[in-house]
Amino acid sequence: MTVKIEPLGARVLILPDEGEDKTSSGIYLPETAKEKPQQGTVEAVSTSEDMTTDLKAGDKVLFPKYSGTEIKIEGKTYLLMDEGDVLARISGA
């Protein structure tokens, strides 16, 4: 069974990019030493009239390090956050 999440209010569901596994010099980092990601892909957007941005699924975005609520679904960790927490959209990357 596939779980579908639809954010309510002015919220977006983001799949954070994975942190780097090793440093530029080749040293592998343990899970606890990795920095929290600050960018990811929008997976779902609320259909609420409260939304003031035109974010859509598939957009690459930047967000603050410790924003949103972490949720785990089917082995993946997502962030559910207010649309106002999204700082920028990344294009052409």
# chains A, B, ... in the order shown; residues from 1 in each chain; ligands from 1

call {"tool": "residues_around", "arguments": {"residues": "region 56-70 of chain A", "least_positions_apart": "2", "cutoff": "8 Å", "atoms": "only C-alpha atoms", "output": "list in words"}}
result
Lys36, Pro37, Gln38, Gln39, Gly40, Thr41, Val42, Glu43, Ala44, Val45, Asp54, Lys72, Thr77, Tyr78, Leu79, Leu80, Met81, Asp82, Asp85, Val86, Leu87, Ala88, Arg89, Ile90 and Ser91 of chain A

call {"tool": "write_last_selection", "arguments": {"atoms": "N, CA and C atoms", "output": "mmCIF file, in the first residue's frame"}}
result
data_model
loop_
_atom_site.group_PDB
_atom_site.id
_atom_site.type_symbol
_atom_site.label_atom_id
_atom_site.label_comp_id
_atom_site.auth_asym_id
_atom_site.auth_seq_id
_atom_site.Cartn_x
_atom_site.Cartn_y
_atom_site.Cartn_z
ATOM 1 N N LYS A 36 22.805 18.858 8.652
ATOM 2 C CA LYS A 36 21.427 18.731 8.209
ATOM 3 C C LYS A 36 21.307 19.387 6.834
ATOM 4 N N PRO A 37 20.566 18.760 5.929
ATOM 5 C CA PRO A 37 20.431 19.341 4.590
ATOM 6 C C PRO A 37 19.646 20.651 4.636
ATOM 7 N N GLN A 38 19.929 21.515 3.674
ATOM 8 C CA GLN A 38 19.228 22.779 3.579
ATOM 9 C C GLN A 38 18.542 22.934 2.230
ATOM 10 N N GLN A 39 18.518 21.865 1.462
ATOM 11 C CA GLN A 39 17.784 21.909 0.214
ATOM 12 C C GLN A 39 17.127 20.564 -0.034
ATOM 13 N N GLY A 40 16.097 20.598 -0.865
ATOM 14 C CA GLY A 40 15.365 19.374 -1.137
ATOM 15 C C GLY A 40 14.382 19.589 -2.270
ATOM 16 N N THR A 41 13.547 18.570 -2.478
ATOM 17 C CA THR A 41 12.571 18.584 -3.551
ATOM 18 C C THR A 41 11.172 18.600 -2.967
ATOM 19 N N VAL A 42 10.322 19.471 -3.482
ATOM 20 C CA VAL A 42 8.932 19.539 -3.041
ATOM 21 C C VAL A 42 8.217 18.290 -3.555
ATOM 22 N N GLU A 43 7.607 17.540 -2.639
ATOM 23 C CA GLU A 43 6.883 16.325 -2.990
ATOM 24 C C GLU A 43 5.383 16.571 -3.095
ATOM 25 N N ALA A 44 4.849 17.449 -2.246
ATOM 26 C CA ALA A 44 3.420 17.755 -2.258
ATOM 27 C C ALA A 44 3.201 19.157 -1.719
ATOM 28 N N VAL A 45 2.160 19.810 -2.214
ATOM 29 C CA VAL A 45 1.827 21.172 -1.818
ATOM 30 C C VAL A 45 0.361 21.210 -1.435
ATOM 31 N N ASP A 54 3.702 30.004 -5.499
ATOM 32 C CA ASP A 54 3.312 29.088 -6.579
ATOM 33 C C ASP A 54 4.218 27.857 -6.611
ATOM 34 N N LYS A 72 8.643 10.130 8.975
ATOM 35 C CA LYS A 72 9.165 8.991 8.224
ATOM 36 C C LYS A 72 7.999 8.207 7.651
ATOM 37 N N THR A 77 12.602 9.850 4.942
ATOM 38 C CA THR A 77 12.375 10.944 5.887
ATOM 39 C C THR A 77 12.011 12.196 5.114
ATOM 40 N N TYR A 78 10.867 12.761 5.443
ATOM 41 C CA TYR A 78 10.359 13.978 4.811
ATOM 42 C C TYR A 78 10.311 15.102 5.825
ATOM 43 N N LEU A 79 10.201 16.330 5.338
ATOM 44 C CA LEU A 79 9.979 17.496 6.181
ATOM 45 C C LEU A 79 8.641 18.107 5.789
ATOM 46 N N LEU A 80 7.793 18.336 6.760
ATOM 47 C CA LEU A 80 6.530 19.028 6.554
ATOM 48 C C LEU A 80 6.706 20.409 7.160
ATOM 49 N N MET A 81 6.622 21.458 6.323
ATOM 50 C CA MET A 81 6.896 22.803 6.824
ATOM 51 C C MET A 81 5.934 23.820 6.241
ATOM 52 N N ASP A 82 5.851 24.951 6.940
ATOM 53 C CA ASP A 82 5.050 26.069 6.452
ATOM 54 C C ASP A 82 5.684 26.603 5.180
ATOM 55 N N ASP A 85 8.531 29.029 5.440
ATOM 56 C CA ASP A 85 9.867 28.563 5.812
ATOM 57 C C ASP A 85 10.743 28.294 4.593
ATOM 58 N N VAL A 86 10.139 28.179 3.426
ATOM 59 C CA VAL A 86 10.914 27.954 2.195
ATOM 60 C C VAL A 86 11.553 29.280 1.814
ATOM 61 N N LEU A 87 12.878 29.273 1.699
ATOM 62 C CA LEU A 87 13.625 30.505 1.453
ATOM 63 C C LEU A 87 13.740 30.856 -0.025
ATOM 64 N N ALA A 88 13.923 29.847 -0.880
ATOM 65 C CA ALA A 88 14.139 30.123 -2.304
ATOM 66 C C ALA A 88 13.888 28.871 -3.126
ATOM 67 N N ARG A 89 13.627 29.097 -4.399
ATOM 68 C CA ARG A 89 13.512 28.002 -5.369
ATOM 69 C C ARG A 89 14.814 27.959 -6.149
ATOM 70 N N ILE A 90 15.329 26.776 -6.423
ATOM 71 C CA ILE A 90 16.581 26.609 -7.161
ATOM 72 C C ILE A 90 16.219 26.217 -8.588
ATOM 73 N N SER A 91 16.757 26.940 -9.552
ATOM 74 C CA SER A 91 16.501 26.583 -10.944
ATOM 75 C C SER A 91 17.810 26.565 -11.707
#

call {"tool": "atom_distance", "arguments": {"atom1": "CA of Met51 (chain A)", "atom2": "CA of Ala10 (chain A)"}}
result
4.9 Å

call {"tool": "select_by_dssp", "arguments": {"residues": "region 3-91 of chain A", "states": "strand (DSSP E or B)", "output": "number ranges by chain"}}
result
A: 11-16, 22, 28, 39-45, 60-62, 69-73, 76-82, 88-90

call {"tool": "closest_residue", "arguments": {"among": "A:Leu55, A:Glu74, A:Glu83, A:Thr47", "to": "Leu8 (chain A)", "atoms": "only C-alpha atoms"}}
result
A:Thr47

call {"tool": "atom_distance", "arguments": {"atom1": "CA of Glu18 (chain A)", "atom2": "CA of Thr52 (chain A)"}}
result
28.0 Å
